[in-house]
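J.: Hey, dropping work_35.cif in here, mmCIF, C-alpha atoms:
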```cif
data_target
#
loop_
_atom_site.group_PDB
_atom_site.id
_atom_site.type_symbol
_atom_site.label_atom_id
_atom_site.label_comp_id
_atom_site.auth_asym_id
_atom_site.auth_seq_id
_atom_site.Cartn_x
_atom_site.Cartn_y
_atom_site.Cartn_z
ATOM 1 C CA ASP A 1171 81.300 128.304 1.849
ATOM 2 C CA LYS A 1172 81.302 124.519 1.723
ATOM 3 C CA ILE A 1173 78.104 124.447 -0.333
ATOM 4 C CA ALA A 1174 79.487 127.101 -2.681
ATOM 5 C CA LEU A 1175 82.777 125.234 -3.130
ATOM 6 C CA GLU A 1176 81.049 121.920 -3.807
ATOM 7 C CA ALA A 1177 78.592 123.583 -6.204
ATOM 8 C CA MET A 1178 81.439 125.209 -8.144
ATOM 9 C CA ARG A 1179 83.267 121.863 -8.306
ATOM 10 C CA THR A 1180 80.215 120.022 -9.695
ATOM 11 C CA MET A 1181 78.495 122.827 -11.603
ATOM 12 C CA ARG A 1182 78.846 121.050 -14.948
ATOM 13 C CA LEU A 1183 76.226 118.596 -13.642
ATOM 14 C CA PHE A 1184 73.715 121.310 -12.761
ATOM 15 C CA ARG A 1185 70.558 121.683 -14.807
ATOM 16 C CA PRO A 1186 68.992 125.125 -15.384
ATOM 17 C CA GLN A 1187 66.622 124.653 -12.447
ATOM 18 C CA ASN A 1188 69.548 123.704 -10.182
ATOM 19 C CA LEU A 1189 71.483 126.841 -11.178
ATOM 20 C CA ALA A 1190 68.467 129.096 -10.687
ATOM 21 C CA ASN A 1191 67.561 127.497 -7.358
ATOM 22 C CA LEU A 1192 71.119 127.754 -6.057
ATOM 23 C CA ALA A 1193 71.301 131.456 -6.903
ATOM 24 C CA TRP A 1194 67.810 131.987 -5.451
ATOM 25 C CA ALA A 1195 68.724 130.209 -2.196
ATOM 26 C CA PHE A 1196 71.866 132.298 -1.648
ATOM 27 C CA ALA A 1197 69.939 135.497 -2.422
ATOM 28 C CA THR A 1198 67.063 134.520 -0.135
ATOM 29 C CA LEU A 1199 69.583 134.051 2.671
ATOM 30 C CA ASP A 1200 71.275 137.323 1.653
ATOM 31 C CA ILE A 1201 74.621 135.591 1.125
ATOM 32 C CA ARG A 1202 76.696 137.180 -1.604
ATOM 33 C CA HIS A 1203 79.415 134.809 -2.806
ATOM 34 C CA ASP A 1204 81.036 136.452 -5.824
ATOM 35 C CA LYS A 1205 82.973 133.394 -7.004
ATOM 36 C CA LEU A 1206 79.864 131.234 -6.875
ATOM 37 C CA PHE A 1207 77.782 133.822 -8.723
ATOM 38 C CA GLY A 1208 80.530 134.161 -11.318
ATOM 39 C CA ALA A 1209 80.448 130.402 -11.867
ATOM 40 C CA ILE A 1210 76.629 130.397 -12.023
ATOM 41 C CA SER A 1211 76.757 133.209 -14.566
ATOM 42 C CA LEU A 1212 79.267 131.421 -16.787
ATOM 43 C CA SER A 1213 77.359 128.153 -16.657
ATOM 44 C CA ALA A 1214 73.977 129.810 -17.256
ATOM 45 C CA ARG A 1215 75.222 131.896 -20.191
ATOM 46 C CA GLN A 1216 76.348 128.732 -21.959
ATOM 47 C CA ARG A 1217 72.816 127.318 -21.956
ATOM 48 C CA LEU A 1218 70.246 130.036 -21.360
ATOM 49 C CA GLU A 1219 68.141 128.650 -24.192
ATOM 50 C CA ASP A 1220 67.402 125.694 -21.873
ATOM 51 C CA PHE A 1221 66.082 127.946 -19.110
ATOM 52 C CA ASN A 1222 62.338 128.425 -18.802
ATOM 53 C CA GLN A 1223 60.622 131.630 -17.684
ATOM 54 C CA GLN A 1224 60.765 130.748 -14.001
ATOM 55 C CA HIS A 1225 64.454 129.832 -14.122
ATOM 56 C CA MET A 1226 65.314 133.107 -15.862
ATOM 57 C CA CYS A 1227 63.241 135.144 -13.407
ATOM 58 C CA ASN A 1228 64.773 133.424 -10.384
ATOM 59 C CA LEU A 1229 68.263 134.002 -11.758
ATOM 60 C CA ALA A 1230 67.582 137.668 -12.507
ATOM 61 C CA TRP A 1231 65.977 138.189 -9.097
ATOM 62 C CA ALA A 1232 68.878 136.555 -7.266
ATOM 63 C CA PHE A 1233 71.510 138.646 -9.025
ATOM 64 C CA SER A 1234 69.545 141.874 -8.541
ATOM 65 C CA SER A 1235 68.676 141.090 -4.928
ATOM 66 C CA LEU A 1236 72.364 140.758 -4.077
ATOM 67 C CA GLN A 1237 73.337 143.681 -6.350
ATOM 68 C CA VAL A 1238 75.488 141.443 -8.565
ATOM 69 C CA ALA A 1239 75.449 143.461 -11.790
ATOM 70 C CA ASP A 1240 76.887 140.792 -14.085
ATOM 71 C CA GLU A 1241 76.456 142.575 -17.408
ATOM 72 C CA GLU A 1242 77.293 139.568 -19.573
ATOM 73 C CA LEU A 1243 74.643 137.435 -17.895
ATOM 74 C CA LEU A 1244 72.061 140.210 -17.859
ATOM 75 C CA LEU A 1245 72.558 141.015 -21.546
ATOM 76 C CA ALA A 1246 72.240 137.321 -22.397
ATOM 77 C CA LEU A 1247 69.116 137.084 -20.222
ATOM 78 C CA ALA A 1248 67.631 140.137 -21.934
ATOM 79 C CA GLU A 1249 68.191 138.562 -25.356
ATOM 80 C CA GLN A 1250 66.471 135.344 -24.288
ATOM 81 C CA VAL A 1251 63.553 137.184 -22.714
ATOM 82 C CA ILE A 1252 63.054 139.255 -25.874
ATOM 83 C CA LEU A 1253 63.092 136.112 -28.021
ATOM 84 C CA ARG A 1254 60.559 134.364 -25.772
ATOM 85 C CA ILE A 1255 58.556 137.287 -24.415
ATOM 86 C CA GLY A 1256 55.269 135.560 -25.248
ATOM 87 C CA ASP A 1257 56.157 132.764 -22.807
ATOM 88 C CA PHE A 1258 56.246 135.198 -19.883
ATOM 89 C CA ASN A 1259 53.231 135.537 -17.645
ATOM 90 C CA PRO A 1260 52.503 138.895 -15.956
ATOM 91 C CA GLN A 1261 54.453 137.965 -12.830
ATOM 92 C CA GLY A 1262 57.443 136.975 -14.963
ATOM 93 C CA LEU A 1263 57.271 140.273 -16.859
ATOM 94 C CA SER A 1264 57.068 142.139 -13.573
ATOM 95 C CA ASN A 1265 59.935 140.212 -12.000
ATOM 96 C CA MET A 1266 62.225 140.703 -14.981
ATOM 97 C CA ALA A 1267 61.459 144.424 -15.204
ATOM 98 C CA CYS A 1268 62.095 144.874 -11.485
ATOM 99 C CA ALA A 1269 65.373 142.949 -11.569
ATOM 100 C CA PHE A 1270 66.777 145.213 -14.283
ATOM 101 C CA ALA A 1271 65.379 148.314 -12.555
ATOM 102 C CA VAL A 1272 66.942 147.422 -9.205
ATOM 103 C CA LEU A 1273 70.319 147.134 -10.931
ATOM 104 C CA GLY A 1274 69.723 150.378 -12.841
ATOM 105 C CA LEU A 1275 69.996 148.725 -16.263
ATOM 106 C CA PRO A 1276 67.616 150.320 -18.788
ATOM 107 C CA HIS A 1277 67.927 147.737 -21.577
ATOM 108 C CA HIS A 1278 65.643 149.521 -24.050
ATOM 109 C CA GLU A 1279 64.820 146.570 -26.309
ATOM 110 C CA LEU A 1280 63.950 144.452 -23.271
ATOM 111 C CA PHE A 1281 61.727 147.151 -21.789
ATOM 112 C CA GLU A 1282 60.057 147.706 -25.162
ATOM 113 C CA ALA A 1283 59.232 143.997 -25.293
ATOM 114 C CA ILE A 1284 58.037 143.986 -21.669
ATOM 115 C CA ALA A 1285 55.841 147.038 -22.333
ATOM 116 C CA SER A 1286 54.206 145.490 -25.397
ATOM 117 C CA GLU A 1287 53.604 142.134 -23.724
ATOM 118 C CA SER A 1288 52.358 143.770 -20.519
ATOM 119 C CA ILE A 1289 49.783 145.738 -22.500
ATOM 120 C CA ARG A 1290 48.586 142.505 -24.123
ATOM 121 C CA LYS A 1291 48.332 140.769 -20.747
ATOM 122 C CA VAL A 1292 47.305 143.721 -18.576
ATOM 123 C CA HIS A 1293 43.943 142.212 -17.630
ATOM 124 C CA ASP A 1294 45.715 139.097 -16.325
ATOM 125 C CA CYS A 1295 47.958 141.174 -14.057
ATOM 126 C CA THR A 1296 47.543 141.187 -10.302
ATOM 127 C CA PRO A 1297 47.652 144.547 -8.524
ATOM 128 C CA ARG A 1298 51.214 143.675 -7.500
ATOM 129 C CA ASP A 1299 52.188 143.007 -11.139
ATOM 130 C CA LEU A 1300 50.682 146.323 -12.221
ATOM 131 C CA GLU A 1301 52.445 148.420 -9.607
ATOM 132 C CA SER A 1302 55.748 146.554 -10.012
ATOM 133 C CA ILE A 1303 55.828 147.042 -13.771
ATOM 134 C CA ALA A 1304 54.945 150.725 -13.357
ATOM 135 C CA TRP A 1305 57.586 151.073 -10.622
ATOM 136 C CA ALA A 1306 60.315 149.471 -12.752
ATOM 137 C CA PHE A 1307 59.665 151.735 -15.734
ATOM 138 C CA ALA A 1308 59.540 154.807 -13.495
ATOM 139 C CA ARG A 1309 62.704 153.805 -11.615
ATOM 140 C CA LEU A 1310 64.590 153.766 -14.911
ATOM 141 C CA GLY A 1311 62.791 156.822 -16.309
ATOM 142 C CA ILE A 1312 61.399 154.857 -19.252
ATOM 143 C CA GLU A 1313 58.198 156.576 -20.297
ATOM 144 C CA LYS A 1314 55.740 154.382 -22.173
ATOM 145 C CA GLU A 1315 52.423 156.215 -22.222
ATOM 146 C CA ALA A 1316 50.490 153.339 -23.800
ATOM 147 C CA LEU A 1317 51.708 150.969 -21.087
ATOM 148 C CA MET A 1318 50.966 153.408 -18.293
ATOM 149 C CA GLY A 1319 47.525 154.074 -19.762
ATOM 150 C CA ALA A 1320 46.785 150.343 -19.804
ATOM 151 C CA ILE A 1321 48.045 149.999 -16.232
ATOM 152 C CA SER A 1322 45.897 152.948 -15.155
ATOM 153 C CA GLU A 1323 42.771 151.486 -16.717
ATOM 154 C CA ALA A 1324 43.358 148.037 -15.211
ATOM 155 C CA ALA A 1325 44.216 149.500 -11.799
ATOM 156 C CA MET A 1326 41.042 151.587 -11.665
ATOM 157 C CA GLN A 1327 38.951 148.481 -12.355
ATOM 158 C CA ARG A 1328 40.518 146.616 -9.414
ATOM 159 C CA ILE A 1329 41.557 149.412 -7.076
ATOM 160 C CA HIS A 1330 39.963 147.681 -4.050
ATOM 161 C CA ASP A 1331 42.401 144.772 -4.434
ATOM 162 C CA PHE A 1332 45.501 146.950 -4.024
ATOM 163 C CA ARG A 1333 47.435 146.920 -0.761
ATOM 164 C CA PRO A 1334 48.499 150.307 0.664
ATOM 165 C CA MET A 1335 52.095 149.835 -0.523
ATOM 166 C CA ASP A 1336 50.893 148.951 -4.029
ATOM 167 C CA LEU A 1337 48.820 152.151 -4.099
ATOM 168 C CA ALA A 1338 51.791 154.223 -2.944
ATOM 169 C CA ASN A 1339 54.140 152.669 -5.511
ATOM 170 C CA LEU A 1340 51.637 153.162 -8.300
ATOM 171 C CA ALA A 1341 51.145 156.835 -7.412
ATOM 172 C CA TRP A 1342 54.929 157.270 -7.160
ATOM 173 C CA ALA A 1343 55.467 155.733 -10.592
ATOM 174 C CA PHE A 1344 52.972 158.016 -12.327
ATOM 175 C CA ALA A 1345 54.315 161.084 -10.505
ATOM 176 C CA THR A 1346 57.945 160.180 -11.246
ATOM 177 C CA LEU A 1347 57.188 159.820 -14.943
ATOM 178 C CA GLY A 1348 55.297 163.127 -14.910
ATOM 179 C CA LEU A 1349 52.069 161.507 -16.058
ATOM 180 C CA PRO A 1350 49.231 163.383 -14.338
ATOM 181 C CA ASP A 1351 46.528 160.736 -14.674
ATOM 182 C CA GLU A 1352 43.806 162.618 -12.797
ATOM 183 C CA PRO A 1353 41.147 159.875 -12.942
ATOM 184 C CA LEU A 1354 43.610 157.341 -11.524
ATOM 185 C CA MET A 1355 44.839 159.739 -8.843
ATOM 186 C CA ARG A 1356 41.251 160.468 -7.736
ATOM 187 C CA VAL A 1357 40.503 156.748 -7.480
ATOM 188 C CA LEU A 1358 43.813 156.145 -5.667
ATOM 189 C CA ALA A 1359 43.129 158.940 -3.206
ATOM 190 C CA ALA A 1360 39.635 157.658 -2.456
ATOM 191 C CA GLU A 1361 40.983 154.137 -1.866
ATOM 192 C CA VAL A 1362 43.776 155.407 0.410
ATOM 193 C CA ILE A 1363 41.211 157.283 2.503
ATOM 194 C CA LYS A 1364 39.137 154.079 2.847
ATOM 195 C CA GLN A 1365 42.126 151.980 3.864
#
```
Once you've parsed the file, please lay out its structure as structure tokens.
T.:
Amino acid sequence: DKIALEAMRTMRLFRPQNLANLAWAFATLDIRHDKLFGAISLSARQRLEDFNQQHMCNLAWAFSSLQVADEELLLALAEQVILRIGDFNPQGLSNMACAFAVLGLPHHELFEAIASESIRKVHDCTPRDLESIAWAFARLGIEKEALMGAISEAAMQRIHDFRPMDLANLAWAFATLGLPDEPLMRVLAAEVIKQ
């Protein structure tokens, strides 16, 4: 409480990284402080254009992790991400998609931008990025066949690098979206048997 009170008192001095790190720290410790997160939201919304990809992802993750569905902040974040989607690496795309999915917010323009950029960067994605992006789209019921096709192709090329949970989440995503990708499912099944 003392840290939160002091942070709220001096928040005007906080830089984007300070705001993102403060939110991240409270979320990592699983401490939900609504007044503090309200102040972080207000301060961040006034200068989101100064936030880089990592700051935006940390902020989105912190709010979603604590189930703080601050619509004003999330809409402003979505606008900034859409404007600067090319700046996002695969992990950033994955993190942003998951944050919105956890909160159940299917911002269609944001997910359209994430889908397009993920397709362009699919071969730079880690197995975790691939399954997380697929999971987020499936969680919100957003069906993007071109994205899922690209994820399937990339996943089959690196199936041996997937952890068991990644394999399960990937299979769940395709099944949830009703996309019977038989080649992927055969490769997934064979890898599960090996592991």
J.: Here's a test: counting all atoms listed in the file, identify every protein, DNA and RNA residue with an atom at most 12 Å from (50.6, 149.1, -4.5) in the file's coordinate frame, and state them as a count of residues only.
T.: 30
J.: Counting all atoms listed in the file, figure out which residue out of A:Ala1271, A:Leu1243, A:Leu1263, A:Leu1280 gets nearest to A:Gly1311.
T.: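 Of all the options, A:Ala1271 lies closest to A:Gly1311.
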J.: For a test of reading the model, state the distance in Å between atom CA of A:Met1326 and atom CA of A:Met1355, rounded to one decimal.
T.: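 Answer for the atom CA of A:Met1326 to atom CA of A:Met1355 separation: 9.4 Å.
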J.: So which residues get picked by the PyMOL selection byres ((chain A and resi 1212) around 12) here, written as a list in words?
T.: Met1178, Met1181, Arg1182, Leu1189, Lys1205, Leu1206, Phe1207, Gly1208, Ala1209, Ile1210, Ser1211, Ser1213, Ala1214, Arg1215, Gln1216, Arg1217, Leu1218, Asp1240, Glu1241, Glu1242, Leu1243, Leu1244 and Ala1246 of chain A
J.: If we draw a sphere of 12 Å around (68.3, 146.7, -23.7), which residues have at least one atom in it when counting all atoms listed in the file? Please report them as a tab-separated table (two decimals) with C-alpha atoms, keeping the file's coordinate frame.
T.:
```
chain	number	residue	atom	x	y	z
A	1241	GLU	CA	76.46	142.57	-17.41
A	1244	LEU	CA	72.06	140.21	-17.86
A	1245	LEU	CA	72.56	141.01	-21.55
A	1246	ALA	CA	72.24	137.32	-22.40
A	1247	LEU	CA	69.12	137.08	-20.22
A	1248	ALA	CA	67.63	140.14	-21.93
A	1249	GLU	CA	68.19	138.56	-25.36
A	1250	GLN	CA	66.47	135.34	-24.29
A	1251	VAL	CA	63.55	137.18	-22.71
A	1252	ILE	CA	63.05	139.26	-25.87
A	1267	ALA	CA	61.46	144.42	-15.20
A	1270	PHE	CA	66.78	145.21	-14.28
A	1271	ALA	CA	65.38	148.31	-12.56
A	1274	GLY	CA	69.72	150.38	-12.84
A	1275	LEU	CA	70.00	148.72	-16.26
A	1276	PRO	CA	67.62	150.32	-18.79
A	1277	HIS	CA	67.93	147.74	-21.58
A	1278	HIS	CA	65.64	149.52	-24.05
A	1279	GLU	CA	64.82	146.57	-26.31
A	1280	LEU	CA	63.95	144.45	-23.27
A	1281	PHE	CA	61.73	147.15	-21.79
A	1282	GLU	CA	60.06	147.71	-25.16
A	1283	ALA	CA	59.23	144.00	-25.29
A	1284	ILE	CA	58.04	143.99	-21.67
A	1310	LEU	CA	64.59	153.77	-14.91
A	1312	ILE	CA	61.40	154.86	-19.25
```
